[in-house]
$ cat query_6.cif   # mmCIF, C-alpha atoms and all ligand atoms
data_protein
loop_
_atom_site.label_atom_id
_atom_site.label_comp_id
_atom_site.auth_asym_id
_atom_site.auth_seq_id
_atom_site.Cartn_x
_atom_site.Cartn_y
_atom_site.Cartn_z
CA MET C 65 0.00 0.00 0.00
CA ASN C 66 1.33 3.42 -0.87
CA PRO C 67 0.31 6.11 1.60
CA LYS C 68 1.79 8.88 -0.56
CA LYS C 69 -0.55 10.90 -2.72
CA LEU C 70 0.37 10.25 -6.33
CA LEU C 71 0.73 13.13 -8.77
CA ASN C 72 -1.75 11.43 -11.07
CA PRO C 73 -4.72 9.47 -9.66
CA PHE C 74 -4.73 7.05 -12.61
CA PRO C 75 -1.61 4.92 -12.24
CA VAL C 76 -0.82 2.93 -15.36
CA SER C 77 1.72 0.40 -14.23
CA THR C 78 1.36 -1.37 -10.91
CA TYR C 79 -1.18 -1.44 -8.13
CA GLN C 80 -0.85 1.65 -5.95
CA GLY C 81 -3.22 0.98 -3.10
CA PRO C 82 -6.98 1.15 -2.51
CA ASP C 83 -7.19 4.92 -3.14
CA TYR C 84 -6.41 4.29 -6.79
CA PHE C 85 -8.36 1.12 -7.19
CA CYS C 86 -11.92 0.96 -8.44
CA ASP C 87 -14.44 -1.42 -6.91
CA ARG C 88 -13.81 -5.21 -7.17
CA GLU C 89 -15.39 -5.48 -3.74
CA GLN C 90 -17.32 -8.63 -4.42
CA GLU C 91 -14.38 -10.31 -6.11
CA THR C 92 -12.07 -9.27 -3.27
CA SER C 93 -14.48 -10.65 -0.65
CA LYS C 94 -14.82 -13.91 -2.53
CA LEU C 95 -11.05 -14.38 -2.80
CA VAL C 96 -10.52 -13.44 0.84
CA SER C 97 -13.23 -15.82 1.96
CA ASN C 98 -11.66 -18.62 -0.10
CA ILE C 99 -8.33 -17.85 1.55
CA ASN C 100 -9.92 -17.98 5.00
CA ALA C 101 -11.53 -21.29 4.15
CA GLY C 102 -8.24 -22.71 2.85
CA ILE C 103 -9.60 -22.99 -0.70
CA SER C 104 -7.44 -22.19 -3.71
CA SER C 105 -8.88 -20.00 -6.47
CA ALA C 106 -8.46 -19.80 -10.23
CA LEU C 107 -8.99 -16.36 -11.71
CA ILE C 108 -9.77 -16.41 -15.41
CA SER C 109 -10.55 -13.54 -17.78
CA VAL C 110 -9.66 -11.93 -21.06
CA ARG C 111 -6.50 -9.83 -20.92
CA ARG C 112 -6.14 -6.36 -19.50
CA ILE C 113 -9.20 -6.07 -17.33
CA GLY C 114 -7.45 -6.16 -13.99
CA LYS C 115 -6.49 -9.66 -12.85
CA THR C 116 -3.05 -8.70 -11.61
CA GLY C 117 -4.46 -5.55 -9.96
CA LEU C 118 -7.08 -7.61 -8.16
CA ILE C 119 -4.51 -10.11 -6.89
CA GLN C 120 -2.34 -7.30 -5.58
CA HIS C 121 -5.34 -5.63 -3.99
CA VAL C 122 -6.18 -8.86 -2.18
CA LEU C 123 -2.58 -9.55 -1.13
CA SER C 124 -2.18 -6.02 0.23
CA ARG C 125 -5.13 -6.38 2.59
CA LEU C 126 -4.55 -9.81 4.06
CA PRO C 127 -5.43 -10.10 7.71
CA HIS C 128 -2.70 -10.45 10.32
CA GLY C 129 -1.11 -13.89 10.25
CA PHE C 130 -1.19 -14.24 6.47
CA LYS C 131 1.68 -13.76 4.06
CA GLY C 132 1.22 -13.22 0.33
CA ILE C 133 3.78 -14.36 -2.23
CA TYR C 134 3.26 -13.17 -5.81
CA ILE C 135 4.91 -14.69 -8.88
CA ASP C 136 4.32 -13.85 -12.52
CA ILE C 137 5.50 -16.81 -14.58
CA LEU C 138 4.81 -15.38 -18.04
CA GLU C 139 8.52 -15.19 -18.83
CA THR C 140 9.43 -18.59 -17.40
CA GLU C 141 10.11 -21.39 -19.85
CA ASN C 142 10.76 -24.35 -17.58
CA ILE C 143 10.57 -25.58 -14.02
CA HIS C 144 14.05 -24.28 -13.28
CA GLN C 145 13.00 -20.71 -14.09
CA PHE C 146 9.88 -21.28 -12.06
CA LEU C 147 12.09 -22.04 -9.08
CA ASN C 148 14.14 -18.87 -9.70
CA HIS C 149 10.94 -16.83 -9.72
CA LEU C 150 9.61 -18.50 -6.61
CA GLY C 151 12.88 -17.98 -4.73
CA THR C 152 13.02 -14.36 -5.82
CA ALA C 153 9.41 -13.79 -4.76
CA LEU C 154 10.21 -15.06 -1.29
CA LEU C 155 13.11 -12.65 -0.99
CA HIS C 156 10.76 -9.83 -2.05
CA ALA C 157 8.10 -10.84 0.45
CA GLU C 158 10.01 -9.69 3.49
CA SER C 159 13.12 -7.62 4.13
CA GLU C 160 16.12 -9.42 5.59
CA GLN C 161 16.00 -7.04 8.56
CA THR C 162 12.83 -8.43 10.16
CA GLY C 163 12.69 -11.62 12.25
CA THR C 164 10.53 -13.50 9.74
CA GLY C 165 12.55 -12.00 6.89
CA ARG C 166 15.80 -13.31 8.32
CA LYS C 167 14.29 -16.77 8.64
CA ILE C 168 13.08 -16.72 5.04
CA TRP C 169 16.37 -15.37 3.69
CA ASN C 170 18.40 -17.92 5.65
CA PHE C 171 16.24 -20.69 4.33
CA ILE C 172 16.59 -19.54 0.71
CA LYS C 173 20.34 -19.12 1.18
CA SER C 174 20.52 -22.71 2.47
CA LEU C 175 19.39 -23.83 -1.00
CA ARG C 176 22.54 -22.15 -2.34
CA PRO C 177 21.27 -19.81 -5.02
CA VAL C 178 23.29 -16.91 -6.40
CA ILE C 179 21.63 -13.77 -5.04
CA THR C 180 22.12 -10.60 -7.04
CA PHE C 181 20.65 -7.12 -6.61
CA GLU C 182 19.15 -5.10 -9.45
CA THR C 183 21.26 -2.02 -10.12
CA LEU C 184 18.43 0.46 -10.26
CA THR C 185 15.98 -0.76 -7.65
CA GLY C 186 18.24 -2.82 -5.41
CA ALA C 187 15.67 -5.63 -5.57
CA PRO C 188 17.13 -9.06 -4.79
CA GLN C 189 17.07 -11.88 -7.34
CA ALA C 190 17.69 -15.55 -6.68
CA SER C 191 19.16 -17.82 -9.32
CA PHE C 192 19.68 -21.54 -8.76
CA ASP C 193 22.09 -23.75 -10.61
CA LEU C 194 20.67 -27.23 -10.17
CA LYS C 195 19.99 -30.50 -11.94
CA PRO C 196 16.34 -31.14 -12.90
CA LYS C 197 15.66 -33.53 -10.02
CA GLN C 198 17.17 -31.12 -7.52
CA THR C 199 15.05 -28.33 -8.97
CA GLU C 200 11.87 -30.20 -8.10
CA GLN C 201 13.24 -30.99 -4.68
CA SER C 202 14.03 -27.34 -4.05
CA ILE C 203 10.53 -26.25 -5.01
CA ASP C 204 9.28 -28.95 -2.68
CA SER C 205 11.48 -27.70 0.14
CA ILE C 206 10.32 -24.12 -0.34
CA LEU C 207 6.68 -25.17 -0.21
CA SER C 208 7.26 -27.35 2.85
CA PHE C 209 9.20 -24.56 4.54
CA LEU C 210 6.37 -22.08 3.95
CA ASP C 211 3.77 -24.59 5.04
CA SER C 212 5.50 -25.11 8.36
CA GLN C 213 5.58 -21.42 9.30
CA PRO C 214 3.39 -19.89 11.99
CA PHE C 215 1.73 -17.72 9.30
CA LYS C 216 -0.57 -18.91 6.52
CA THR C 217 0.84 -18.46 3.03
CA ILE C 218 -0.98 -17.40 -0.09
CA ILE C 219 0.97 -18.10 -3.25
CA ALA C 220 -0.45 -16.21 -6.22
CA ILE C 221 0.81 -17.51 -9.55
CA ASP C 222 -0.01 -15.07 -12.33
CA GLU C 223 -0.11 -16.16 -15.99
CA PHE C 224 -0.39 -19.71 -14.75
CA GLN C 225 -1.26 -21.10 -18.20
CA GLN C 226 2.44 -20.72 -19.01
CA ILE C 227 3.09 -23.90 -17.03
CA THR C 228 1.57 -25.90 -19.91
CA ASN C 229 4.43 -24.70 -22.16
CA TYR C 230 7.15 -26.15 -19.94
CA PRO C 231 9.11 -28.96 -21.58
CA GLU C 232 8.77 -30.99 -18.37
CA LYS C 233 5.71 -33.16 -18.84
CA ASN C 234 2.88 -32.82 -16.35
CA ALA C 235 4.33 -29.89 -14.41
CA ASP C 236 0.74 -29.02 -13.51
CA SER C 237 -0.09 -32.42 -12.08
CA TRP C 238 3.16 -32.48 -10.15
CA LEU C 239 2.28 -29.11 -8.59
CA ARG C 240 -1.24 -30.29 -7.88
CA THR C 241 0.07 -33.31 -6.00
CA ARG C 242 2.29 -31.07 -3.91
CA MET C 243 -0.51 -28.64 -3.35
CA GLN C 244 -2.72 -31.33 -1.86
CA GLN C 245 -0.12 -32.13 0.77
CA LEU C 246 0.02 -28.55 2.05
CA LYS C 247 -2.08 -27.64 5.08
CA ASN C 248 -1.21 -24.04 5.64
CA THR C 249 -0.88 -22.71 2.11
CA VAL C 250 -3.46 -21.65 -0.46
CA PHE C 251 -2.98 -20.70 -4.07
CA ILE C 252 -4.44 -18.15 -6.42
CA PHE C 253 -3.89 -19.17 -10.04
CA SER C 254 -4.53 -16.47 -12.56
CA GLY C 255 -4.43 -16.58 -16.31
CA SER C 256 -5.66 -14.91 -19.44
CA GLN C 257 -5.52 -17.63 -22.05
CA GLN C 258 -9.00 -18.69 -21.24
CA HIS C 259 -9.13 -21.93 -23.20
CA ILE C 260 -5.97 -23.22 -21.48
CA MET C 261 -7.08 -22.07 -18.05
CA SER C 262 -10.52 -23.60 -18.48
CA GLU C 263 -8.94 -26.80 -19.68
CA LEU C 264 -6.60 -26.86 -16.66
CA PHE C 265 -9.25 -26.17 -14.06
CA ALA C 266 -12.56 -27.29 -15.50
CA SER C 267 -11.66 -30.41 -17.43
CA PRO C 268 -12.24 -33.67 -15.56
CA LYS C 269 -9.14 -35.03 -17.28
CA ARG C 270 -6.82 -32.47 -15.69
CA PRO C 271 -5.35 -32.59 -12.18
CA PHE C 272 -6.81 -29.31 -10.95
CA TYR C 273 -10.38 -30.30 -11.71
CA ARG C 274 -12.63 -29.60 -8.71
CA SER C 275 -9.69 -28.63 -6.51
CA THR C 276 -10.05 -24.89 -6.94
CA SER C 277 -12.82 -22.36 -6.90
CA ILE C 278 -13.05 -20.87 -10.39
CA MET C 279 -13.77 -17.16 -10.76
CA LYS C 280 -14.36 -15.66 -14.17
CA LEU C 281 -13.45 -12.02 -13.84
CA GLU C 282 -15.70 -9.63 -15.75
CA LYS C 283 -15.05 -6.04 -16.74
CA LEU C 284 -15.78 -3.38 -14.12
CA ASP C 285 -19.36 -2.13 -13.98
CA PHE C 286 -19.87 0.82 -16.33
CA ASN C 287 -21.59 3.16 -13.83
CA VAL C 288 -19.27 2.29 -10.98
CA TYR C 289 -16.18 2.95 -13.10
CA ARG C 290 -17.69 6.22 -14.39
CA ASP C 291 -18.36 7.46 -10.85
CA PHE C 292 -14.85 6.43 -9.86
CA ILE C 293 -13.33 8.47 -12.70
CA ILE C 294 -15.38 11.54 -11.76
CA ALA C 295 -14.43 11.15 -8.08
CA GLN C 296 -10.71 10.77 -8.86
CA PHE C 297 -10.70 14.06 -10.78
CA LYS C 298 -12.63 15.73 -7.96
CA ARG C 299 -10.15 14.54 -5.33
CA TYR C 300 -7.54 16.56 -7.17
CA ASN C 301 -9.83 19.58 -7.64
CA LYS C 302 -10.39 18.92 -11.29
CA GLU C 303 -13.60 18.22 -13.10
CA ILE C 304 -14.70 15.78 -15.74
CA SER C 305 -18.29 15.59 -16.95
CA ARG C 306 -20.41 12.50 -16.82
CA GLU C 307 -20.61 12.50 -20.63
CA ILE C 308 -16.85 12.60 -21.19
CA SER C 309 -16.20 9.90 -18.57
CA GLU C 310 -18.75 7.74 -20.32
CA ASP C 311 -17.19 8.44 -23.72
CA ILE C 312 -13.82 7.32 -22.34
CA LEU C 313 -15.34 4.12 -20.96
CA VAL C 314 -16.96 3.36 -24.30
CA LEU C 315 -13.75 4.07 -26.21
CA GLY C 316 -11.65 1.89 -23.88
CA ASP C 317 -14.40 -0.74 -23.74
CA ARG C 318 -13.95 -0.90 -19.92
CA TYR C 319 -10.53 -2.53 -20.19
CA THR C 320 -8.86 -1.09 -17.08
CA TYR C 321 -5.57 -0.99 -18.98
CA TYR C 322 -6.89 1.41 -21.66
CA ILE C 323 -9.17 3.38 -19.36
CA GLN C 324 -6.32 4.07 -16.94
CA LEU C 325 -4.05 5.05 -19.81
CA VAL C 326 -6.52 7.49 -21.35
CA CYS C 327 -7.59 8.94 -17.98
CA ASN C 328 -3.96 9.37 -16.96
CA ARG C 329 -3.26 11.41 -20.10
CA VAL C 330 -6.47 13.42 -19.94
CA PHE C 331 -5.87 14.18 -16.26
CA ALA C 332 -2.31 15.35 -16.93
CA ALA C 333 -3.43 17.56 -19.81
CA THR C 334 -6.18 19.27 -17.82
CA SER C 335 -5.68 22.13 -15.42
CA LYS C 336 -9.25 22.50 -14.20
CA GLN C 337 -11.99 21.14 -16.40
CA VAL C 338 -11.77 18.45 -19.05
CA THR C 339 -13.10 19.69 -22.36
CA SER C 340 -14.12 17.66 -25.35
CA ASP C 341 -11.09 19.04 -27.23
CA ILE C 342 -8.65 17.96 -24.51
CA TRP C 343 -9.75 14.37 -24.39
CA LYS C 344 -10.03 13.96 -28.14
CA GLN C 345 -6.57 15.44 -28.59
CA GLN C 346 -5.13 13.04 -26.01
CA VAL C 347 -6.68 10.04 -27.72
CA TYR C 348 -5.39 11.22 -31.07
CA GLU C 349 -1.87 11.58 -29.68
CA LEU C 350 -2.03 8.15 -28.05
CA LEU C 351 -3.10 6.55 -31.32
CA LYS C 352 -0.33 8.34 -33.21
CA GLU C 353 2.26 7.14 -30.69
CA GLN C 354 1.01 3.59 -31.04
CA GLU C 355 1.11 3.59 -34.85
CA ILE C 356 4.49 1.94 -34.90
CA VAL C 357 3.05 -0.96 -32.88
CA PHE C 358 0.07 -1.24 -35.22
CA PHE C 359 2.27 -1.31 -38.32
CA GLY C 360 4.29 -3.96 -36.49
CA TYR C 361 1.16 -6.12 -36.44
CA ARG C 362 0.84 -5.72 -40.19
CA ASN C 363 4.44 -6.74 -40.81
CA MET C 364 4.10 -9.77 -38.59
CA LEU C 365 0.91 -11.09 -40.24
CA THR C 366 0.06 -12.63 -43.59
CA ARG C 367 -2.23 -10.62 -45.84
CA ASN C 368 -5.24 -12.80 -44.94
CA GLN C 369 -4.61 -12.52 -41.22
CA TRP C 370 -4.20 -8.75 -41.49
CA GLN C 371 -7.43 -8.39 -43.48
CA LEU C 372 -9.30 -10.45 -40.91
CA LEU C 373 -7.83 -8.51 -37.97
CA LYS C 374 -8.95 -5.22 -39.54
CA ALA C 375 -12.40 -6.64 -40.27
CA ILE C 376 -12.88 -7.75 -36.65
CA ALA C 377 -11.61 -4.37 -35.46
CA GLN C 378 -14.13 -2.59 -37.62
CA GLU C 379 -16.98 -4.84 -36.64
CA GLY C 380 -16.28 -4.90 -32.87
CA LYS C 381 -17.89 -8.22 -32.00
CA VAL C 382 -17.99 -10.91 -34.66
CA PHE C 383 -20.40 -13.77 -34.05
CA LYS C 384 -20.16 -15.47 -37.43
CA PRO C 385 -16.66 -14.96 -38.80
CA THR C 386 -17.14 -17.59 -41.51
CA GLY C 387 -20.63 -16.42 -42.45
CA LYS C 388 -21.22 -15.33 -46.07
CA GLU C 389 -22.23 -11.84 -45.04
CA PHE C 390 -19.04 -11.13 -43.07
CA LEU C 391 -16.80 -12.65 -45.75
CA GLY C 392 -18.49 -10.60 -48.45
CA GLN C 393 -18.54 -7.32 -46.56
CA TYR C 394 -14.81 -7.38 -45.84
CA GLY C 395 -13.63 -9.10 -49.02
CA LEU C 396 -12.28 -12.15 -47.15
CA LEU C 397 -11.25 -15.21 -49.11
CA ASN C 398 -13.27 -18.17 -47.85
CA SER C 399 -14.23 -19.81 -44.58
CA ALA C 400 -11.31 -22.26 -44.50
CA SER C 401 -8.80 -19.44 -44.81
CA VAL C 402 -10.67 -17.37 -42.19
CA LEU C 403 -10.58 -20.30 -39.77
CA ARG C 404 -6.84 -20.65 -40.21
CA SER C 405 -6.32 -16.93 -39.68
CA LEU C 406 -8.56 -16.90 -36.60
CA HIS C 407 -6.44 -19.61 -35.10
CA SER C 408 -3.21 -17.68 -35.69
CA LEU C 409 -4.61 -14.37 -34.42
CA ILE C 410 -5.73 -16.05 -31.20
CA LYS C 411 -2.29 -17.60 -30.81
CA TYR C 412 -0.68 -14.16 -31.21
CA GLU C 413 -3.14 -12.81 -28.60
CA LEU C 414 -4.43 -10.19 -31.02
CA ILE C 415 -8.01 -11.45 -30.83
CA PHE C 416 -9.96 -13.48 -28.29
CA ARG C 417 -12.98 -15.71 -28.23
CA ASP C 418 -15.49 -15.03 -25.49
CA CYS C 419 -19.21 -15.55 -24.88
CA ASP C 420 -21.86 -12.87 -24.55
CA SER C 421 -24.37 -12.79 -21.68
CA GLU C 422 -26.48 -15.42 -23.44
CA GLY C 423 -23.54 -17.76 -23.87
CA ILE C 424 -23.17 -17.11 -27.61
CA PRO C 425 -19.52 -17.14 -28.66
CA PHE C 426 -17.97 -14.20 -30.47
CA TYR C 427 -14.55 -12.93 -31.50
CA GLY C 428 -13.20 -9.55 -30.44
CA ILE C 429 -10.00 -7.51 -30.62
CA TYR C 430 -7.69 -7.17 -27.64
CA ASP C 431 -6.14 -3.86 -28.48
CA VAL C 432 -8.95 -1.34 -28.39
CA LEU C 433 -6.57 1.44 -29.43
CA PHE C 434 -5.82 -0.54 -32.57
CA GLN C 435 -9.54 -0.81 -33.10
CA GLN C 436 -9.96 2.97 -32.80
CA TRP C 437 -7.05 3.51 -35.13
CA CYS C 438 -8.60 1.22 -37.75
CA LEU C 439 -11.76 3.28 -37.53
CA MET C 440 -9.84 6.57 -37.74
CA VAL C 441 -7.57 5.92 -40.71
CA GLN C 442 -8.00 4.07 -43.97
CA ILE C 443 -5.13 1.60 -43.93
CA PRO C 444 -4.35 -0.62 -46.88
N1 LIG V 1 -10.03 -2.04 -10.27
C1 LIG V 1 -9.11 -1.25 -10.83
N2 LIG V 1 -9.14 0.08 -10.67
C2 LIG V 1 -8.21 0.88 -11.23
N3 LIG V 1 -7.18 0.43 -11.96
C3 LIG V 1 -7.09 -0.89 -12.15
C4 LIG V 1 -8.03 -1.80 -11.60
N4 LIG V 1 -7.68 -3.06 -11.97
C5 LIG V 1 -6.56 -2.92 -12.69
N5 LIG V 1 -6.20 -1.65 -12.83
C6 LIG V 1 -5.07 -1.12 -13.57
O1 LIG V 1 -5.31 -1.39 -14.95
C7 LIG V 1 -4.09 -1.80 -15.59
C8 LIG V 1 -4.27 -3.19 -16.20
O2 LIG V 1 -4.67 -4.08 -15.16
P1 LIG V 1 -3.94 -5.46 -14.84
O3 LIG V 1 -2.53 -5.42 -15.20
O4 LIG V 1 -4.32 -5.81 -13.46
O5 LIG V 1 -4.76 -6.37 -15.88
P2 LIG V 1 -4.53 -7.89 -16.23
O6 LIG V 1 -5.89 -8.48 -16.44
O7 LIG V 1 -3.64 -8.54 -15.26
O8 LIG V 1 -3.79 -7.72 -17.63
P3 LIG V 1 -2.87 -8.81 -18.42
O9 LIG V 1 -3.85 -9.75 -19.03
O10 LIG V 1 -2.17 -7.97 -19.47
O11 LIG V 1 -1.96 -9.43 -17.43
C9 LIG V 1 -3.03 -1.74 -14.52
O12 LIG V 1 -2.37 -0.50 -14.61
C10 LIG V 1 -3.79 -1.84 -13.22
O13 LIG V 1 -3.12 -1.22 -12.15
MG MG V 2 -1.80 -9.47 -15.46
#

$ encode --input "query_6.cif" --output "structure tokens"
Amino acid sequence: MNPKKLLNPFPVSTYQGPDYFCDREQETSKLVSNINAGISSALISVRRIGKTGLIQHVLSRLPHGFKGIYIDILETENIHQFLNHLGTALLHAESEQTGTGRKIWNFIKSLRPVITFETLTGAPQASFDLKPKQTEQSIDSILSFLDSQPFKTIIAIDEFQQITNYPEKNADSWLRTRMQQLKNTVFIFSGSQQHIMSELFASPKRPFYRSTSIMKLEKLDFNVYRDFIIAQFKRYNKEISREISEDILVLGDRYTYYIQLVCNRVFAATSKQVTSDIWKQQVYELLKEQEIVFFGYRNMLTRNQWQLLKAIAQEGKVFKPTGKEFLGQYGLLNSASVLRSLHSLIKYELIFRDCDSEGIPFYGIYDVLFQQWCLMVQIP
């Protein structure tokens, strides 16, 4: 938690405490009550709507006697790197100066990692040089060590789906077996590749089936987020109208990532009252800055994939991507080629497949700025 008042009430990188965090009360209560009941949770959603923020919000308000350990495993490629991340997270959890901290640090040191300190931040990093079998044993020892402490441990593993890419077979079932033996430790697994996460946690064939409480995170409520934006401006003696806040929420499609980004810019560019010109100018500048990223998409994709990406961007939600009408309207080749392109675009995390409130599946674009840009300019 950061008690300092930030210069801008719309932080765009990490969690900055409850003053800068909108809602998620129900979700927070649910996760906290799972923790209290010793139940692990799986948090699943499309990207960029606030999974990591929610985990950090929960970990920052744990009752006395609980310790939260957070690891993001997106960049890990194998179990060895998983161990490095886990070891590092433990060193981050507590400073070496406190009683508990010293105990944790001494334990990690007993596993003989190389500990280095980042030049800029001074943050410690653990790196182990072990054979595969020893790697598993070390993860085991860390979990057993935590489980035997007087505090309860919550281990939050963000981007958990990455574990299915490890070359070690069945890393997930191995972890699940370990998990079941722990008495004093609960997990929060979070991930954005929904099909993999659902497969891991909801498929009877997989080891996590029925062992965790699954929470599908939805976007923040429109009215609640609008009132939050208005209140954040007010706290800093600035004003934004209801209409403009709503326009921002529509433009950013309630993805916290884009809403925070736009609000941050609009806030910084406003001295007293947000005008229509100010916010439009800020969006225009953002889109211009991002152009290089958007052209990067084009260079990375085949012509068919690029055409389909633009078509989905223009359409917003596409329910029948192989339907005659959609193919005809956007000059797409044929349904077989569209299916292939859909597959690739999902793999590149440029589009997602989700279901609407009636359970009907549709495809949408992740990058709402790209979507706006497609609508703004005529790109070949
Ligand atoms: N409830 C919230 N109120 C205000 N800001 C939030 C909220 N939730 C998340 N954010 C902010 O929005 C941005 C994106 O959120 P976050 O990184 O948590 O999303 P994510 O779902 O984990 O994304 P990804 O799929 O890319 O990992 C971050 O800057 C985060 O601090
Ligand atoms: Mg995240």

$ residues_near_ligand --input "query_6.cif" --ligand "ligand MG 2 (chain V)" --cutoff "7 Å" --atoms "all atoms listed in the file" --output "tab-separated table (two decimals) with C-alpha atoms, keeping the file's coordinate frame"
chain	number	residue	atom	x	y	z
C	112	ARG	CA	-6.14	-6.36	-19.50
C	114	GLY	CA	-7.45	-6.16	-13.99
C	115	LYS	CA	-6.49	-9.66	-12.85
C	116	THR	CA	-3.05	-8.70	-11.61
C	222	ASP	CA	-0.01	-15.07	-12.33
C	223	GLU	CA	-0.11	-16.16	-15.99

$ closest_atom_pairs --input "query_6.cif" --of "region 215-294 of chain C" --to "region 402-422 of chain C" --cutoff "9 Å" --atoms "all atoms listed in the file" --output "CSV"
residue,atom,partner,partner_atom,distance
C:Gln257,CA,C:Glu413,CA,8.5
C:Gln258,CA,C:Asp418,CA,8.6
C:His259,CA,C:Arg417,CA,8.9

$ residues_around --input "query_6.cif" --residues "region 358-365 of chain C" --least-positions-apart "6" --cutoff "10 Å" --atoms "all atoms listed in the file" --output "list in words"
Leu351, Lys352, Gln371, Leu373, Lys374, Ser405, Ser408, Leu409, Tyr412, Leu414, Asp431, Leu433, Phe434, Gln435, Trp437, Cys438, Ile443 and Pro444 of chain C

$ residues_around --input "query_6.cif" --residues "Val76 (chain C)" --least-positions-apart "4" --cutoff "8 Å" --atoms "all atoms listed in the file" --output "number ranges by chain"
C: 321, 324-325, 328

$ axis_aligned_box --input "query_6.cif" --around "ligand LIG 1 (chain V)" --padding-each-side "3 Å" --output "AutoDock Vina command-line options"
--center_x -6.0 --center_y -4.4 --center_z -14.9 --size_x 14.1 --size_y 16.6 --size_z 15.2

$ closest_residue --input "query_6.cif" --among "C:Asp236, C:Asn148, C:Asn72, C:Glu307" --to "Val330 (chain C)" --atoms "only C-alpha atoms"
C:Asn72

$ closest_atom_pairs --input "query_6.cif" --of "chain C" --to "ligand LIG 1 (chain V)" --cutoff "9 Å" --atoms "all atoms listed in the file" --output "JSON lines"
{"residue": "C:Phe74", "atom": "CA", "partner": "V:LIG1", "partner_atom": "N3", "distance": 7.1}
{"residue": "C:Pro75", "atom": "CA", "partner": "V:LIG1", "partner_atom": "O12", "distance": 6.0}
{"residue": "C:Val76", "atom": "CA", "partner": "V:LIG1", "partner_atom": "O12", "distance": 3.8}
{"residue": "C:Ser77", "atom": "CA", "partner": "V:LIG1", "partner_atom": "O12", "distance": 4.2}
{"residue": "C:Thr78", "atom": "CA", "partner": "V:LIG1", "partner_atom": "O13", "distance": 4.7}
{"residue": "C:Tyr79", "atom": "CA", "partner": "V:LIG1", "partner_atom": "O13", "distance": 4.5}
{"residue": "C:Gln80", "atom": "CA", "partner": "V:LIG1", "partner_atom": "O13", "distance": 7.2}
{"residue": "C:Pro82", "atom": "CA", "partner": "V:LIG1", "partner_atom": "N2", "distance": 8.5}
{"residue": "C:Tyr84", "atom": "CA", "partner": "V:LIG1", "partner_atom": "C2", "distance": 5.9}
{"residue": "C:Phe85", "atom": "CA", "partner": "V:LIG1", "partner_atom": "N2", "distance": 3.7}
{"residue": "C:Cys86", "atom": "CA", "partner": "V:LIG1", "partner_atom": "N2", "distance": 3.7}
{"residue": "C:Asp87", "atom": "CA", "partner": "V:LIG1", "partner_atom": "N1", "distance": 5.6}
{"residue": "C:Arg88", "atom": "CA", "partner": "V:LIG1", "partner_atom": "N1", "distance": 5.8}
{"residue": "C:Ile108", "atom": "CA", "partner": "V:LIG1", "partner_atom": "O6", "distance": 8.9}
{"residue": "C:Ser109", "atom": "CA", "partner": "V:LIG1", "partner_atom": "O6", "distance": 7.0}
{"residue": "C:Val110", "atom": "CA", "partner": "V:LIG1", "partner_atom": "O9", "distance": 6.5}
{"residue": "C:Arg111", "atom": "CA", "partner": "V:LIG1", "partner_atom": "O9", "distance": 3.3}
{"residue": "C:Arg112", "atom": "CA", "partner": "V:LIG1", "partner_atom": "O8", "distance": 3.3}
{"residue": "C:Ile113", "atom": "CA", "partner": "V:LIG1", "partner_atom": "O6", "distance": 4.2}
{"residue": "C:Gly114", "atom": "CA", "partner": "V:LIG1", "partner_atom": "O4", "distance": 3.2}
{"residue": "C:Lys115", "atom": "CA", "partner": "V:LIG1", "partner_atom": "O6", "distance": 3.8}
{"residue": "C:Thr116", "atom": "CA", "partner": "V:LIG1", "partner_atom": "O4", "distance": 3.7}
{"residue": "C:Gly117", "atom": "CA", "partner": "V:LIG1", "partner_atom": "O4", "distance": 3.5}
{"residue": "C:Leu118", "atom": "CA", "partner": "V:LIG1", "partner_atom": "N4", "distance": 6.0}
{"residue": "C:Ile119", "atom": "CA", "partner": "V:LIG1", "partner_atom": "O4", "distance": 7.9}
{"residue": "C:Gln120", "atom": "CA", "partner": "V:LIG1", "partner_atom": "O4", "distance": 8.3}
{"residue": "C:His121", "atom": "CA", "partner": "V:LIG1", "partner_atom": "N1", "distance": 8.6}
{"residue": "C:Asp222", "atom": "CA", "partner": "V:LIG1", "partner_atom": "O11", "distance": 7.8}
{"residue": "C:Glu223", "atom": "CA", "partner": "V:LIG1", "partner_atom": "O11", "distance": 7.1}
{"residue": "C:Ser254", "atom": "CA", "partner": "V:LIG1", "partner_atom": "O7", "distance": 8.4}
{"residue": "C:Gly255", "atom": "CA", "partner": "V:LIG1", "partner_atom": "O9", "distance": 7.4}
{"residue": "C:Ser256", "atom": "CA", "partner": "V:LIG1", "partner_atom": "O9", "distance": 5.5}
{"residue": "C:Gln257", "atom": "CA", "partner": "V:LIG1", "partner_atom": "O9", "distance": 8.6}
{"residue": "C:Leu281", "atom": "CA", "partner": "V:LIG1", "partner_atom": "O6", "distance": 8.7}
{"residue": "C:Leu284", "atom": "CA", "partner": "V:LIG1", "partner_atom": "N1", "distance": 7.0}
{"residue": "C:Tyr289", "atom": "CA", "partner": "V:LIG1", "partner_atom": "N2", "distance": 8.0}
{"residue": "C:Phe292", "atom": "CA", "partner": "V:LIG1", "partner_atom": "N2", "distance": 8.6}
{"residue": "C:Tyr319", "atom": "CA", "partner": "V:LIG1", "partner_atom": "C8", "distance": 7.5}
{"residue": "C:Thr320", "atom": "CA", "partner": "V:LIG1", "partner_atom": "O1", "distance": 4.2}
{"residue": "C:Tyr321", "atom": "CA", "partner": "V:LIG1", "partner_atom": "C8", "distance": 3.8}
{"residue": "C:Tyr322", "atom": "CA", "partner": "V:LIG1", "partner_atom": "C7", "distance": 7.4}
{"residue": "C:Ile323", "atom": "CA", "partner": "V:LIG1", "partner_atom": "O1", "distance": 7.6}
{"residue": "C:Gln324", "atom": "CA", "partner": "V:LIG1", "partner_atom": "O1", "distance": 5.9}
{"residue": "C:Leu325", "atom": "CA", "partner": "V:LIG1", "partner_atom": "O12", "distance": 7.8}
